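Undergrad: Just dropping this structure here.
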Amino acid sequence: QVQLVESGGGLVQPGGSLRLSCGVSGRLFTIYAVGWYRQAPGKERELVAQTTRDDTTNYADSVKGRFTISRDNAWNTVFLQMNDLKTEDTAVYYCNAVIYGARMYWGQGTQVTVSL
């Protein structure tokens with residue numbers, strides 16, 4: 001079992017920055033990848049960024065150059081630094097962990113709203 005708890009969402013103006021954090025606990029040694037997904041109203045959940053144990057990092061095209069995913073060495077915390085935020089980044093952001101065997105775990109989500 002893996003537990004994920006997000007924090008750091010909020011309201012920000014276009015062009016602003018936010019940093020999301022995800023506390024990871026449980027059987028950390030079973031985790032292969034951690035990442036962030038988001039879901040906007042009326043849209044499907046989509047991958048934003050992911051990092052794996054072999055140091056592969058993937059980003060959605062829409063956030064490349066603006067968002068950065070990072071984690072601590074112990075895999076206790078995963079961060080998503082979001083810069084130059086746009087209104088289309090507004091969504092609920094979910095922390096995600098993939099364990100060996102491909103089972104996924106999810107956090108409860110944190111709202112990010114980009115608006116004037």
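Letters A, B, ... go to the chains of the structure tokens in the order shown; residues in each chain start at 1; ligands are counted from 1 in the same order.
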If you run DSSP on the backbone, which residues of chain A are strand (DSSP E), as a count of residues only?
TA: 65
Undergrad: Find the residues around region 90-93 of chain A up to 12 Å (only C-alpha atoms counted), leave out those fewer than 2 positions away in its own chain, and share them as a PyMOL selection string.
TA: chain A and resi 5-14+18-22+35-49+79-80+82+85-88+95-96+106-115
Undergrad: Could those selected residues go to a file with N, CA and C atoms, as a CSV table (one decimal), in the first residue's frame?
TA:
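Once written, part03.csv looks like this:
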chain,number,residue,atom,x,y,z
A,5,VAL,N,-0.6,12.3,-0.2
A,5,VAL,CA,-1.3,13.5,0.2
A,5,VAL,C,-0.7,14.8,-0.4
A,6,GLU,N,-1.6,15.4,-1.2
A,6,GLU,CA,-1.2,16.6,-1.9
A,6,GLU,C,-1.4,17.9,-1.1
A,7,SER,N,-0.6,18.9,-1.3
A,7,SER,CA,-0.8,20.2,-0.8
A,7,SER,C,-0.2,21.3,-1.7
A,8,GLY,N,-0.6,22.5,-1.5
A,8,GLY,CA,0.0,23.6,-2.2
A,8,GLY,C,-0.8,24.2,-3.3
A,9,GLY,N,-2.0,23.7,-3.5
A,9,GLY,CA,-2.9,24.4,-4.5
A,9,GLY,C,-3.4,25.7,-4.1
A,10,GLY,N,-4.1,26.4,-5.0
A,10,GLY,CA,-4.7,27.7,-4.6
A,10,GLY,C,-5.0,28.5,-5.8
A,11,LEU,N,-5.2,29.8,-5.6
A,11,LEU,CA,-5.6,30.7,-6.6
A,11,LEU,C,-4.4,31.6,-7.0
A,12,VAL,N,-4.1,31.7,-8.3
A,12,VAL,CA,-2.9,32.5,-8.7
A,12,VAL,C,-3.3,33.2,-10.0
A,13,GLN,N,-2.7,34.3,-10.2
A,13,GLN,CA,-3.0,35.1,-11.4
A,13,GLN,C,-2.1,34.5,-12.6
A,14,PRO,N,-2.6,34.7,-13.8
A,14,PRO,CA,-1.8,34.3,-15.0
A,14,PRO,C,-0.4,34.8,-14.9
A,18,LEU,N,3.2,28.4,-8.6
A,18,LEU,CA,2.8,27.7,-7.5
A,18,LEU,C,3.7,26.4,-7.4
A,19,ARG,N,3.9,25.9,-6.2
A,19,ARG,CA,4.6,24.7,-6.0
A,19,ARG,C,3.7,23.7,-5.3
A,20,LEU,N,3.4,22.6,-5.9
A,20,LEU,CA,2.6,21.5,-5.3
A,20,LEU,C,3.6,20.5,-4.6
A,21,SER,N,3.1,20.0,-3.5
A,21,SER,CA,3.9,19.0,-2.8
A,21,SER,C,3.0,17.7,-2.6
A,22,CYS,N,3.6,16.6,-2.6
A,22,CYS,CA,2.9,15.3,-2.4
A,22,CYS,C,3.7,14.5,-1.4
A,35,GLY,N,4.2,10.8,-10.1
A,35,GLY,CA,3.9,11.9,-11.0
A,35,GLY,C,2.7,12.7,-10.6
A,36,TRP,N,2.3,13.6,-11.5
A,36,TRP,CA,1.2,14.5,-11.3
A,36,TRP,C,0.3,14.4,-12.6
A,37,TYR,N,-1.0,14.2,-12.3
A,37,TYR,CA,-2.0,14.3,-13.3
A,37,TYR,C,-2.9,15.5,-13.0
A,38,ARG,N,-3.7,15.9,-13.9
A,38,ARG,CA,-4.7,16.9,-13.7
A,38,ARG,C,-6.0,16.6,-14.4
A,39,GLN,N,-7.1,17.2,-13.9
A,39,GLN,CA,-8.4,17.0,-14.5
A,39,GLN,C,-9.1,18.3,-14.4
A,40,ALA,N,-9.4,18.9,-15.6
A,40,ALA,CA,-10.2,20.1,-15.7
A,40,ALA,C,-11.7,19.7,-15.8
A,41,PRO,N,-12.6,20.6,-15.5
A,41,PRO,CA,-14.0,20.3,-15.6
A,41,PRO,C,-14.4,19.9,-17.0
A,42,GLY,N,-15.1,18.8,-17.1
A,42,GLY,CA,-15.5,18.4,-18.4
A,42,GLY,C,-14.5,17.7,-19.3
A,43,LYS,N,-13.3,17.5,-18.7
A,43,LYS,CA,-12.2,16.9,-19.5
A,43,LYS,C,-11.7,15.7,-18.8
A,44,GLU,N,-11.0,14.8,-19.5
A,44,GLU,CA,-10.4,13.6,-19.0
A,44,GLU,C,-9.2,14.0,-18.2
A,45,ARG,N,-8.8,13.1,-17.2
A,45,ARG,CA,-7.6,13.2,-16.5
A,45,ARG,C,-6.4,13.0,-17.4
A,46,GLU,N,-5.4,13.9,-17.3
A,46,GLU,CA,-4.3,13.8,-18.2
A,46,GLU,C,-3.0,13.8,-17.3
A,47,LEU,N,-1.9,13.2,-17.9
A,47,LEU,CA,-0.6,13.2,-17.3
A,47,LEU,C,0.0,14.6,-17.5
A,48,VAL,N,0.5,15.1,-16.4
A,48,VAL,CA,1.2,16.4,-16.4
A,48,VAL,C,2.7,16.2,-16.5
A,49,ALA,N,3.2,15.3,-15.5
A,49,ALA,CA,4.7,15.1,-15.4
A,49,ALA,C,4.8,13.8,-14.6
A,79,PHE,N,7.5,17.0,-5.8
A,79,PHE,CA,7.1,18.4,-6.0
A,79,PHE,C,6.7,18.6,-7.5
A,80,LEU,N,5.9,19.6,-7.7
A,80,LEU,CA,5.6,20.1,-9.0
A,80,LEU,C,5.7,21.6,-9.0
A,82,MET,N,5.4,25.0,-10.7
A,82,MET,CA,4.6,25.4,-11.9
A,82,MET,C,4.9,26.9,-12.1
A,85,LEU,N,2.1,30.3,-15.1
A,85,LEU,CA,0.8,29.6,-15.2
A,85,LEU,C,-0.2,30.3,-16.1
A,86,LYS,N,-1.0,29.5,-16.8
A,86,LYS,CA,-2.0,30.0,-17.7
A,86,LYS,C,-3.4,29.6,-17.2
A,87,THR,N,-4.4,30.3,-17.7
A,87,THR,CA,-5.8,30.0,-17.3
A,87,THR,C,-6.1,28.5,-17.6
A,88,GLU,N,-5.5,28.0,-18.7
A,88,GLU,CA,-5.8,26.6,-19.1
A,88,GLU,C,-5.2,25.6,-18.2
A,95,CYS,N,-1.7,13.7,-7.3
A,95,CYS,CA,-0.4,13.0,-7.2
A,95,CYS,C,-0.7,11.5,-7.5
A,96,ASN,N,0.3,10.9,-8.1
A,96,ASN,CA,0.1,9.5,-8.6
A,96,ASN,C,1.4,8.7,-8.3
A,106,TRP,N,-3.5,7.0,-5.9
A,106,TRP,CA,-3.8,8.4,-6.1
A,106,TRP,C,-4.0,9.1,-4.8
A,107,GLY,N,-3.6,10.4,-4.9
A,107,GLY,CA,-4.0,11.3,-3.8
A,107,GLY,C,-5.4,11.8,-3.9
A,108,GLN,N,-5.8,12.7,-3.0
A,108,GLN,CA,-7.2,13.2,-3.0
A,108,GLN,C,-7.4,14.3,-4.0
A,109,GLY,N,-6.3,14.9,-4.4
A,109,GLY,CA,-6.4,16.1,-5.3
A,109,GLY,C,-6.3,17.4,-4.7
A,110,THR,N,-5.7,18.4,-5.4
A,110,THR,CA,-5.7,19.7,-4.9
A,110,THR,C,-6.0,20.7,-6.0
A,111,GLN,N,-6.9,21.7,-5.7
A,111,GLN,CA,-7.4,22.6,-6.8
A,111,GLN,C,-6.3,23.7,-7.1
A,112,VAL,N,-6.1,23.8,-8.4
A,112,VAL,CA,-5.3,25.0,-8.8
A,112,VAL,C,-6.2,25.8,-9.7
A,113,THR,N,-6.3,27.1,-9.4
A,113,THR,CA,-7.1,28.0,-10.2
A,113,THR,C,-6.2,29.2,-10.7
A,114,VAL,N,-6.2,29.4,-12.0
A,114,VAL,CA,-5.4,30.5,-12.5
A,114,VAL,C,-6.4,31.5,-13.1
A,115,SER,N,-6.5,32.6,-12.5
A,115,SER,CA,-7.5,33.6,-12.9
A,115,SER,C,-7.1,35.0,-12.4
Undergrad: One number please: CA of Thr30 (chain A) to CA of Ile99 (chain A), in Å, one decimal.
TA: 5.3 Å
Undergrad: Could you tell me how far CA of Tyr59 (chain A) sits from CA of Asn73 (chain A), in Å to one decimal place?
TA: 20.2 Å
Undergrad: Find the residue from A:Arg103, A:Ala74, A:Asp84, A:Gly16 that sits nearest to Ser62 (chain A); use only C-alpha atoms when measuring.
TA: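 Counting only C-alpha atoms, the residue closest to Ser62 (chain A) is A:Asp84.
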Undergrad: Would you pick out the contacts of Gln50 (chain A) at 6 Å or less, using only C-alpha atoms, so that residues sharing its chain but fewer than 6 positions from it are not included, and give the list as a ChimeraX atom specification?
TA: /A:34-35,57-58
Undergrad: Kindly give the distance, in Å, that separates CA of Ala33 (chain A) and CA of Gly101 (chain A), rounded to a single decimal.
TA: 11.4 Å
Undergrad: What residues in chain A get the DSSP label helix (DSSP H, G or I)? Please answer as a VMD selection string.
TA: chain A and resid 28 to 30 87 to 89
